[in-house]
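Undergrad: File follows, work_32.cif with mmCIF, C-alpha atoms:
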```
data_upload
#
loop_
_atom_site.label_atom_id
_atom_site.label_comp_id
_atom_site.auth_asym_id
_atom_site.auth_seq_id
_atom_site.Cartn_x
_atom_site.Cartn_y
_atom_site.Cartn_z
CA MET V 61 112.10 -79.28 40.59
CA THR V 62 115.38 -80.94 39.77
CA PRO V 63 118.39 -80.86 42.07
CA GLN V 64 120.77 -78.00 41.39
CA SER V 65 123.81 -79.63 42.89
CA THR V 66 126.39 -82.32 42.35
CA THR V 67 126.88 -83.94 45.73
CA LEU V 68 130.17 -85.43 46.84
CA PRO V 69 130.25 -89.10 45.82
CA ALA V 70 131.21 -92.26 47.70
CA GLY V 71 134.96 -92.44 48.17
CA ALA V 72 135.45 -88.70 48.73
CA ARG V 73 136.78 -87.41 52.03
CA ALA V 74 134.01 -85.78 54.04
CA PRO V 75 134.76 -82.06 54.47
CA ALA V 76 135.45 -81.19 58.11
CA PHE V 77 133.01 -78.82 59.78
CA THR V 78 132.04 -77.24 63.07
CA LEU V 79 128.46 -75.98 63.32
CA PRO V 80 126.24 -74.64 66.10
CA VAL V 81 123.81 -77.18 67.53
CA THR V 82 122.34 -74.78 70.10
CA ALA V 83 122.86 -71.06 70.68
CA ASP V 84 126.02 -71.76 72.71
CA GLN V 85 127.22 -75.23 71.67
CA SER V 86 128.84 -76.55 68.52
CA VAL V 87 129.63 -79.97 67.14
CA SER V 88 132.37 -81.01 64.74
CA LEU V 89 132.50 -83.97 62.42
CA SER V 90 135.75 -84.96 64.15
CA ASP V 91 133.84 -85.37 67.45
CA PHE V 92 132.50 -88.61 66.03
CA ALA V 93 135.74 -90.11 64.67
CA GLY V 94 135.54 -93.90 64.74
CA LYS V 95 131.77 -93.97 64.33
CA PRO V 96 129.62 -93.88 61.22
CA VAL V 97 127.95 -90.50 60.79
CA ILE V 98 124.73 -89.96 58.85
CA LEU V 99 124.48 -86.40 57.56
CA ALA V 100 120.96 -85.50 56.47
CA PHE V 101 120.76 -82.14 54.73
CA TYR V 102 117.22 -80.86 54.30
CA PRO V 103 115.69 -77.63 53.05
CA ALA V 104 113.93 -76.27 56.11
CA ASP V 105 112.35 -76.92 59.48
CA TRP V 106 108.54 -76.89 59.68
CA SER V 107 107.57 -78.65 56.47
CA PRO V 108 103.80 -79.00 56.78
CA VAL V 109 103.37 -82.78 56.66
CA CYS V 110 103.11 -85.53 59.28
CA GLY V 111 105.61 -88.01 58.03
CA ASP V 112 108.32 -85.53 57.22
CA GLN V 113 111.87 -86.66 56.81
CA MET V 114 113.14 -85.70 60.27
CA ALA V 115 110.06 -87.20 61.96
CA LEU V 116 110.68 -90.44 60.10
CA TYR V 117 114.38 -90.55 61.08
CA ASN V 118 113.37 -89.88 64.66
CA GLU V 119 111.35 -93.10 64.59
CA VAL V 120 114.14 -95.08 62.91
CA LEU V 121 116.87 -93.76 65.22
CA SER V 122 117.16 -96.97 67.23
CA GLU V 123 117.93 -98.86 64.00
CA PHE V 124 120.71 -96.39 63.15
CA ARG V 125 122.10 -96.82 66.67
CA LYS V 126 122.31 -100.58 66.21
CA HIS V 127 125.09 -99.73 63.77
CA ASP V 128 126.61 -97.35 66.33
CA ALA V 129 125.83 -94.56 63.87
CA VAL V 130 125.27 -90.90 64.74
CA LEU V 131 122.58 -88.95 62.90
CA LEU V 132 123.00 -85.22 62.32
CA GLY V 133 120.37 -83.10 60.55
CA VAL V 134 121.61 -79.99 58.77
CA SER V 135 119.70 -77.01 57.39
CA VAL V 136 120.27 -73.27 57.13
CA ASP V 137 117.77 -72.56 59.91
CA GLY V 138 119.20 -70.83 62.97
CA PRO V 139 119.68 -72.56 66.34
CA TRP V 140 116.57 -71.02 67.92
CA CYS V 141 114.47 -72.22 65.03
CA HIS V 142 115.98 -75.70 65.38
CA ALA V 143 115.29 -75.62 69.12
CA ALA V 144 111.59 -74.88 68.56
CA PHE V 145 111.33 -77.47 65.80
CA THR V 146 113.11 -80.10 67.89
CA ALA V 147 110.79 -79.50 70.83
CA SER V 148 107.69 -79.56 68.63
CA ARG V 149 108.58 -82.80 66.87
CA LYS V 150 110.23 -84.36 69.93
CA LEU V 151 113.37 -85.06 67.93
CA HIS V 152 116.05 -87.10 69.67
CA PHE V 153 119.00 -86.18 67.48
CA PRO V 154 120.84 -82.89 66.89
CA LEU V 155 120.00 -80.42 64.16
CA LEU V 156 122.94 -78.29 63.03
CA SER V 157 122.68 -74.72 61.80
CA ASP V 158 124.47 -74.05 58.54
CA PHE V 159 123.52 -70.45 59.12
CA GLU V 160 126.65 -68.30 59.12
CA PRO V 161 128.33 -68.13 56.69
CA LYS V 162 125.08 -69.29 55.19
CA GLY V 163 125.13 -72.71 53.59
CA ALA V 164 128.94 -73.03 53.70
CA VAL V 165 128.92 -76.65 54.86
CA SER V 166 126.05 -77.60 52.57
CA SER V 167 128.04 -76.10 49.68
CA ALA V 168 131.18 -78.00 50.66
CA TYR V 169 129.18 -81.23 50.34
CA GLY V 170 127.61 -80.14 47.06
CA ALA V 171 124.24 -79.92 48.75
CA TYR V 172 123.25 -76.25 48.52
CA ARG V 173 120.56 -74.65 46.40
CA GLN V 174 121.89 -71.25 45.46
CA ARG V 175 118.60 -70.05 44.02
CA GLU V 176 116.47 -70.77 47.09
CA GLY V 177 119.27 -70.31 49.61
CA THR V 178 118.56 -73.64 51.31
CA SER V 179 120.25 -76.99 51.67
CA GLU V 180 119.32 -79.73 49.24
CA ARG V 181 117.64 -82.90 50.43
CA ALA V 182 120.86 -84.90 50.45
CA LEU V 183 122.10 -87.84 52.50
CA PHE V 184 125.64 -88.92 53.32
CA VAL V 185 126.89 -91.93 55.24
CA ILE V 186 130.44 -91.28 56.43
CA ASP V 187 132.59 -94.04 57.88
CA GLY V 188 134.67 -93.85 61.07
CA ASP V 189 137.70 -92.69 59.06
CA GLY V 190 135.87 -89.71 57.59
CA ILE V 191 135.32 -91.16 54.12
CA ILE V 192 131.94 -90.80 52.43
CA ARG V 193 130.67 -94.34 51.77
CA TRP V 194 127.28 -93.48 50.31
CA SER V 195 125.54 -90.34 49.18
CA TYR V 196 122.17 -89.60 47.69
CA LEU V 197 120.63 -86.43 46.33
CA SER V 198 116.85 -86.54 46.42
CA PRO V 199 114.48 -84.43 44.38
CA ILE V 200 113.75 -81.54 46.76
CA ALA V 201 110.07 -82.39 47.20
CA VAL V 202 110.60 -86.11 47.78
CA ASN V 203 111.29 -87.48 51.22
CA PRO V 204 114.03 -90.05 50.46
CA GLY V 205 113.04 -92.34 53.34
CA ALA V 206 115.51 -94.33 55.41
CA ASP V 207 116.01 -97.56 53.46
CA GLY V 208 119.09 -96.28 51.59
CA ILE V 209 120.78 -95.20 54.83
CA LEU V 210 120.15 -98.58 56.45
CA GLU V 211 121.54 -100.42 53.44
CA ALA V 212 124.65 -98.23 53.48
CA LEU V 213 125.18 -98.85 57.20
CA GLU V 214 124.80 -102.60 56.66
CA ALA V 215 127.35 -102.47 53.85
CA LEU V 216 129.73 -100.67 56.23
CA ASP V 217 129.27 -103.37 58.86
CA GLY V 218 129.97 -105.96 56.19
CA VAL V 219 133.29 -104.29 55.35
CA LYS V 220 134.29 -104.18 59.01
CA ALA V 221 133.35 -107.80 59.75
CA MET U 102 116.77 -95.68 45.10
CA THR U 103 115.77 -94.53 41.66
CA SER U 104 114.17 -97.89 40.83
CA PRO U 105 110.57 -98.35 41.95
CA GLN U 106 110.20 -99.13 45.64
CA THR U 107 108.84 -102.60 46.24
CA LEU U 108 107.13 -104.20 49.19
CA LYS U 109 109.43 -106.10 51.57
CA PRO U 110 108.28 -108.65 52.61
CA PRO U 111 105.52 -109.33 50.05
CA VAL U 112 101.97 -109.82 51.29
CA ASN U 113 101.82 -113.01 53.35
CA ASP U 114 99.67 -114.97 55.82
CA ASN U 115 100.62 -112.69 58.72
CA ASP U 116 99.00 -109.71 57.04
CA HIS U 117 95.55 -108.33 57.72
CA ALA U 118 93.90 -108.85 54.35
CA LEU U 119 90.37 -108.08 53.31
CA GLY U 120 88.83 -109.45 50.14
CA ASN U 121 89.48 -112.07 47.55
CA SER U 122 92.97 -113.60 47.87
CA ASP U 123 92.93 -114.38 44.13
CA ALA U 124 92.14 -110.79 43.20
CA PRO U 125 94.23 -109.39 40.34
CA VAL U 126 95.12 -106.38 42.49
CA THR U 127 96.31 -106.16 46.06
CA LEU U 128 96.36 -102.69 47.57
CA VAL U 129 98.58 -102.35 50.63
CA GLU U 130 98.40 -99.37 52.95
CA TYR U 131 101.00 -98.44 55.53
CA GLY U 132 99.06 -96.27 57.93
CA ASP U 133 98.94 -94.58 61.32
CA TYR U 134 95.59 -94.47 63.13
CA GLU U 135 96.28 -90.99 64.48
CA CYS U 136 97.44 -89.50 61.16
CA PRO U 137 94.86 -87.08 59.76
CA HIS U 138 95.88 -87.91 56.17
CA CYS U 139 95.24 -91.60 56.83
CA ALA U 140 91.84 -90.70 58.25
CA ARG U 141 91.15 -88.87 54.99
CA ALA U 142 92.35 -91.84 52.99
CA HIS U 143 90.09 -94.25 54.88
CA PRO U 144 86.76 -93.46 53.14
CA ARG U 145 88.59 -93.39 49.82
CA VAL U 146 89.86 -96.92 50.37
CA LYS U 147 86.31 -97.95 51.27
CA ALA U 148 85.07 -96.44 48.02
CA LEU U 149 87.68 -98.41 46.08
CA GLN U 150 86.70 -101.65 47.84
CA LYS U 151 83.09 -101.07 46.93
CA ARG U 152 83.98 -100.20 43.37
CA PHE U 153 86.29 -103.14 42.68
CA GLY U 154 84.66 -105.81 44.85
CA ASP U 155 86.28 -109.20 44.28
CA ARG U 156 88.84 -107.72 41.95
CA MET U 157 90.78 -106.01 44.75
CA ARG U 158 92.24 -107.25 48.00
CA PHE U 159 93.15 -104.71 50.69
CA VAL U 160 95.99 -105.15 53.20
CA PHE U 161 96.81 -102.87 56.13
CA ARG U 162 100.21 -102.61 57.82
CA ASN U 163 101.05 -100.39 60.77
CA PHE U 164 103.34 -97.40 60.40
CA PRO U 165 102.83 -95.42 63.60
CA LEU U 166 104.81 -92.19 63.87
CA SER U 167 104.70 -92.37 67.62
CA GLU U 168 106.74 -89.27 68.41
CA VAL U 169 104.37 -86.94 66.59
CA HIS U 170 101.22 -88.97 67.27
CA PRO U 171 101.27 -89.92 70.95
CA HIS U 172 98.40 -92.43 70.72
CA ALA U 173 99.36 -94.04 67.43
CA LEU U 174 101.40 -96.86 68.90
CA HIS U 175 98.74 -98.02 71.34
CA ALA U 176 96.05 -97.67 68.71
CA ALA U 177 98.00 -100.02 66.42
CA GLN U 178 98.66 -102.44 69.28
CA ALA U 179 94.99 -102.39 70.28
CA ALA U 180 93.95 -103.34 66.75
CA GLU U 181 96.43 -106.24 66.80
CA SER U 182 95.14 -107.30 70.18
CA VAL U 183 91.54 -107.32 68.93
CA SER U 184 92.64 -109.44 66.01
CA ALA U 185 94.36 -111.93 68.31
CA HIS U 186 91.51 -112.22 70.83
CA ALA U 187 88.67 -112.19 68.36
CA ASN U 188 88.99 -112.59 64.61
CA ALA U 189 89.56 -110.84 61.31
CA VAL U 190 86.04 -109.42 61.25
CA ALA U 191 86.64 -107.80 64.62
CA PHE U 192 90.00 -106.46 63.48
CA TRP U 193 88.46 -104.66 60.51
CA LYS U 194 85.67 -103.32 62.67
CA MET U 195 88.29 -101.96 65.08
CA HIS U 196 90.27 -100.57 62.15
CA ASP U 197 87.19 -98.66 60.97
CA LEU U 198 86.33 -97.40 64.46
CA LEU U 199 89.86 -96.10 64.96
CA PHE U 200 89.96 -94.13 61.73
CA GLU U 201 86.38 -92.92 62.05
CA ASN U 202 86.88 -91.57 65.56
CA ALA U 203 90.53 -90.57 65.64
CA GLN U 204 90.10 -86.98 64.54
CA GLU U 205 87.03 -86.24 66.68
CA HIS U 206 88.95 -84.86 69.66
CA GLU U 207 92.39 -84.97 71.26
CA ASP U 208 91.73 -87.97 73.48
CA ALA U 209 89.82 -90.01 70.92
CA LEU U 210 92.61 -92.60 70.85
CA ASP U 211 93.64 -92.64 74.51
CA ASP U 212 93.65 -96.05 76.21
CA ASP U 213 90.13 -95.67 77.64
CA HIS U 214 88.71 -94.96 74.23
CA LEU U 215 90.74 -97.76 72.64
CA VAL U 216 89.22 -100.22 75.08
CA THR U 217 85.74 -98.87 74.32
CA TYR U 218 86.30 -99.41 70.59
CA ALA U 219 87.72 -102.88 71.28
CA ARG U 220 84.47 -103.74 73.10
CA ALA U 221 82.39 -102.39 70.26
CA ALA U 222 84.49 -104.46 67.85
CA GLY U 223 83.60 -107.64 69.70
CA THR U 224 86.10 -108.30 72.50
CA ASN U 225 85.54 -108.05 76.24
CA GLY U 226 88.00 -105.15 76.38
CA GLU U 227 89.90 -106.36 79.42
CA GLU U 228 92.33 -108.48 77.42
CA VAL U 229 93.05 -105.54 75.16
CA GLN U 230 93.63 -103.29 78.18
CA LEU U 231 96.05 -105.84 79.59
CA ASP U 232 97.85 -106.22 76.26
CA LEU U 233 98.33 -102.45 76.09
CA GLU U 234 99.71 -102.35 79.61
CA ARG U 235 102.27 -105.05 78.95
CA GLY U 236 103.07 -104.04 75.38
CA ALA U 237 102.05 -107.46 74.10
CA PHE U 238 102.01 -106.40 70.46
CA SER U 239 104.77 -103.80 70.49
CA GLU U 240 107.24 -106.02 68.63
CA GLN U 241 104.70 -106.98 66.02
CA VAL U 242 103.82 -103.35 65.36
CA ARG U 243 107.49 -102.40 65.24
CA ALA U 244 108.09 -105.21 62.71
CA ASP U 245 105.37 -103.73 60.51
CA PHE U 246 106.95 -100.30 60.84
CA LEU U 247 110.42 -101.58 59.92
CA SER U 248 109.08 -103.49 56.93
CA GLY U 249 107.68 -100.14 55.81
CA VAL U 250 111.02 -98.43 56.24
CA ARG U 251 112.64 -101.18 54.15
CA SER U 252 109.97 -100.83 51.50
CA GLY U 253 110.58 -97.10 51.11
CA VAL U 254 107.62 -95.83 53.12
CA ASN U 255 108.45 -92.21 53.87
CA GLY U 256 105.23 -90.96 55.41
CA THR U 257 101.63 -91.94 55.94
CA PRO U 258 99.63 -93.11 54.24
CA THR U 259 101.84 -94.90 51.73
CA PHE U 260 100.17 -97.31 49.33
CA PHE U 261 101.56 -100.19 47.28
CA ILE U 262 99.69 -101.54 44.27
CA ASN U 263 100.69 -105.13 43.53
CA GLY U 264 103.86 -104.62 45.52
CA VAL U 265 105.02 -101.38 43.91
CA ARG U 266 104.90 -98.10 45.81
CA TYR U 267 102.18 -95.80 44.54
CA ASP U 268 103.46 -92.25 44.16
CA GLY U 269 100.31 -90.97 42.46
CA ASP U 270 97.37 -89.06 43.89
CA TRP U 271 95.46 -91.22 46.39
CA SER U 272 93.34 -88.28 47.52
CA THR U 273 91.30 -88.24 44.31
CA VAL U 274 89.35 -91.48 44.08
CA ALA U 275 88.95 -91.25 40.30
CA THR U 276 92.73 -90.97 39.77
CA PHE U 277 93.54 -93.63 42.33
CA ALA U 278 90.93 -96.00 40.84
CA ALA U 279 92.23 -95.45 37.31
CA ASP U 280 95.77 -96.30 38.42
CA ILE U 281 94.54 -99.44 40.18
CA GLU U 282 92.59 -100.33 37.04
CA SER U 283 95.79 -100.08 34.97
CA ALA U 284 97.61 -102.35 37.40
CA MET U 285 94.71 -104.79 37.09
CA THR U 286 94.95 -104.77 33.32
CA ALA U 287 98.71 -105.33 33.50
CA ALA U 288 98.23 -108.19 35.97
CA VAL U 289 95.70 -110.15 33.94
CA SER U 290 97.25 -109.62 30.51
#
```
In structure tokens, write the structure found in this file.

TA:
Amino acid sequence: MTPQSTTLPAGARAPAFTLPVTADQSVSLSDFAGKPVILAFYPADWSPVCGDQMALYNEVLSEFRKHDAVLLGVSVDGPWCHAAFTASRKLHFPLLSDFEPKGAVSSAYGAYRQREGTSERALFVIDGDGIIRWSYLSPIAVNPGADGILEALEALDGVKA
Amino acid sequence: MTSPQTLKPPVNDNDHALGNSDAPVTLVEYGDYECPHCARAHPRVKALQKRFGDRMRFVFRNFPLSEVHPHALHAAQAAESVSAHANAVAFWKMHDLLFENAQEHEDALDDDHLVTYARAAGTNGEEVQLDLERGAFSEQVRADFLSGVRSGVNGTPTFFINGVRYDGDWSTVATFAADIESAMTAAVS
């Protein structure tokens, strides 16, 4: 299956958003101004494999934090679904619900699959000023891993230094 | 990330390697002792070793997904500890015991069982117990894990054939063997 989207490229301003992270709390991109933000769009909670993308990022989280970066997962699953998934996989980072209006934020980033009604598997590294510094659209069935994110964060540190 | 993912760092003296170091093919596995897919891969790797003999070297690196597999980290550390206190033969015996027993029941890789396997592999067990308690090999296992992340490992098991990530079908020995055979042909020609 080939990607159906054209994701926002490096250099573009990251579209602002506010999304639910639990049933009664929301987060906004602007909450993290000054810090790198990793946005990881993915198709759905509960993919039936061990080393799924979110489980992998959970294990690499401390490396992301060395760059002071914040990781946010985004899918169209609702907050209760995310809560159950987070508890099951012991995730230590927030999952945002692009649930209503469905897929609006994913679409704004060029990371929405109209046909299936899910987010793409797309990654964005956004700098502290809200500019996308790196983006990657993965084939939907392929876990893109974490090496690209780490390289992008290192490049950001290089620019700052 | 569209170019083939390559092994970083390449196979070196710090690796656990089994077989002929001059073999035309080196097969590297990043694995997790508590991962059921890795347990399934284990007899397949054995079959390949038997099939290729001196023509294939096998290397194992740790990639424990410790949040989903609560015993994976200690299992990896226990194997490293056995290697340090005994020798390579003991390490591979431990490696086999871990994969062969891991899926038997929920506690098959708890610390008590790990120490039992470590004894069976040829250590006195106490040193391994102590190493687990003080996390003696936690950095080494983490280094393996991070090398996997850098190499594009995105789940377990992930294999590399002569340093290039294998995205084919490892679960069918015939397919896997044919792909290794091609790499062998490419390496010697």

Undergrad: Residues at most 7 Å from segment 116-132 of chain V, counting all atoms listed in the file, excluding those fewer than 6 positions away in the same chain, as a list in words?

TA: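 In the requested format, the answer is Lys95, Pro96, Val97, Ile98, Leu99, Ala100, Leu151, His152, Phe153, Pro154, Leu155, Leu156, Ala206 and Leu213 of chain V; Leu166 and Asn255 of chain U.
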
Undergrad: Which residues would end up in the selection if the PyMOL selection byres ((chain U and resi 252) around 7) were applied here, given that I need the answer as a VMD selection string?

TA: chain U and resid 106 to 109 248 to 251 253 to 254

Undergrad: Between atom CA of Ala143 of chain V and atom CA of Met114 of chain V, what is the distance in Å, rounded to a tenth?

TA: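 One can read the atom CA of Ala143 of chain V to atom CA of Met114 of chain V distance as 13.6 Å.
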
Undergrad: Can you work out which residues from chain V touch chain U at a cut-off of 8 Å (counting all atoms listed in the file) and hand them back as a list in words?

TA: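 Taking all atoms listed in the file into account, Cys110, Gly111, Asp112, Gln113, Ala115, Leu116, Asn118, Glu119, Arg149, Lys150, Leu151, Asn203, Pro204, Gly205, Ala206, Asp207 and Gly208 of chain V sit within 8 Å of chain U.
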
Undergrad: Between V:Ile209, V:Tyr172, V:Glu214, V:Val202, which is the closest to Thr66 of chain V once you count all atoms listed in the file?

TA: V:Tyr172

Undergrad: Please evaluate the PyMOL selection byres ((chain V and resi 184-200) around 6) against the displayed coordinates and give the resulting residues as a PyMOL selection string.

TA: chain V and resi 62-63+69-74+93-99+181-183+201-202

Undergrad: Going by the chain IDs and residue numbers used in this file, which residues fall under the PyMOL selection byres ((chain U and resi 116) around 10)? Write them as number ranges by chain.

TA: U: 111-115, 117-119, 129, 159-162, 245

Undergrad: Give me, as an NGL selection string, all polymer residues having an atom no more than 9 Å from segment 282-290 of chain U, counting all atoms listed in the file and skipping those fewer than 6 positions away in the same chain.

TA: :U and (124-126 or 153 or 156-157 or 262-263)

Undergrad: Using Å and a single decimal, report how far atom CA of Val134 of chain V sits from atom CA of Phe92 of chain V.

TA: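 Taking atom CA of Phe92 of chain V and atom CA of Val134 of chain V, their separation equals 15.7 Å.
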
Undergrad: Save segment 169-242 of chain U to disk from that block, C-alpha atoms included, as a short mmCIF file (atom, residue, chain, number, x, y, z; two decimals), in the first residue's frame.

TA:
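Writing done, so here's result-v7.cif:
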```cif
data_model
loop_
_atom_site.label_atom_id
_atom_site.label_comp_id
_atom_site.auth_asym_id
_atom_site.auth_seq_id
_atom_site.Cartn_x
_atom_site.Cartn_y
_atom_site.Cartn_z
CA VAL U 169 6.25 -4.89 27.04
CA HIS U 170 8.44 -7.79 28.15
CA PRO U 171 9.11 -7.36 31.86
CA HIS U 172 11.83 -10.03 32.06
CA ALA U 173 13.60 -9.23 28.81
CA LEU U 174 16.16 -6.86 30.28
CA HIS U 175 17.32 -9.21 33.03
CA ALA U 176 17.36 -12.13 30.62
CA ALA U 177 19.73 -10.21 28.34
CA GLN U 178 21.87 -9.12 31.28
CA ALA U 179 22.01 -12.68 32.61
CA ALA U 180 23.29 -13.94 29.26
CA GLU U 181 25.99 -11.24 29.27
CA SER U 182 26.89 -12.16 32.82
CA VAL U 183 27.26 -15.84 31.91
CA SER U 184 29.51 -14.83 29.05
CA ALA U 185 31.69 -12.73 31.35
CA HIS U 186 31.99 -15.32 34.13
CA ALA U 187 32.35 -18.36 31.93
CA ASN U 188 33.01 -18.32 28.20
CA ALA U 189 31.47 -18.18 24.75
CA VAL U 190 30.32 -21.79 24.91
CA ALA U 191 28.41 -21.04 28.10
CA PHE U 192 26.92 -17.89 26.57
CA TRP U 193 25.46 -19.81 23.64
CA LYS U 194 24.16 -22.51 25.94
CA MET U 195 22.45 -19.81 28.01
CA HIS U 196 21.14 -18.20 24.83
CA ASP U 197 19.55 -21.51 23.80
CA LEU U 198 18.10 -22.16 27.26
CA LEU U 199 16.52 -18.71 27.35
CA PHE U 200 14.79 -19.05 24.00
CA GLU U 201 13.82 -22.67 24.55
CA ASN U 202 12.18 -21.98 27.91
CA ALA U 203 10.91 -18.42 27.59
CA GLN U 204 7.46 -19.23 26.29
CA GLU U 205 6.78 -22.16 28.64
CA HIS U 206 5.06 -20.10 31.34
CA GLU U 207 4.79 -16.54 32.63
CA ASP U 208 7.66 -16.77 35.09
CA ALA U 209 10.02 -18.73 32.87
CA LEU U 210 12.40 -15.76 32.72
CA ASP U 211 12.10 -14.42 36.27
CA ASP U 212 15.35 -14.00 38.19
CA ASP U 213 15.13 -17.41 39.90
CA HIS U 214 14.78 -19.16 36.59
CA LEU U 215 17.53 -17.06 35.02
CA VAL U 216 19.91 -18.17 37.74
CA THR U 217 18.87 -21.80 37.21
CA TYR U 218 19.64 -21.52 33.49
CA ALA U 219 22.94 -19.78 34.29
CA ARG U 220 23.90 -22.79 36.44
CA ALA U 221 22.92 -25.20 33.71
CA ALA U 222 25.00 -23.16 31.27
CA GLY U 223 28.09 -23.63 33.41
CA THR U 224 28.36 -20.86 36.01
CA ASN U 225 27.87 -21.12 39.76
CA GLY U 226 24.80 -18.90 39.48
CA GLU U 227 25.65 -16.65 42.41
CA GLU U 228 27.72 -14.25 40.35
CA VAL U 229 24.92 -13.95 37.84
CA GLN U 230 22.41 -13.30 40.63
CA LEU U 231 24.67 -10.57 41.99
CA ASP U 232 25.17 -9.03 38.55
CA LEU U 233 21.40 -8.87 38.08
CA GLU U 234 20.94 -7.21 41.45
CA ARG U 235 23.49 -4.51 40.74
CA GLY U 236 22.69 -4.09 37.06
CA ALA U 237 26.26 -4.95 36.11
CA PHE U 238 25.48 -5.38 32.42
CA SER U 239 22.70 -2.84 32.03
CA GLU U 240 24.86 -0.37 30.11
CA GLN U 241 26.19 -3.04 27.80
CA VAL U 242 22.70 -4.26 26.98
#
```
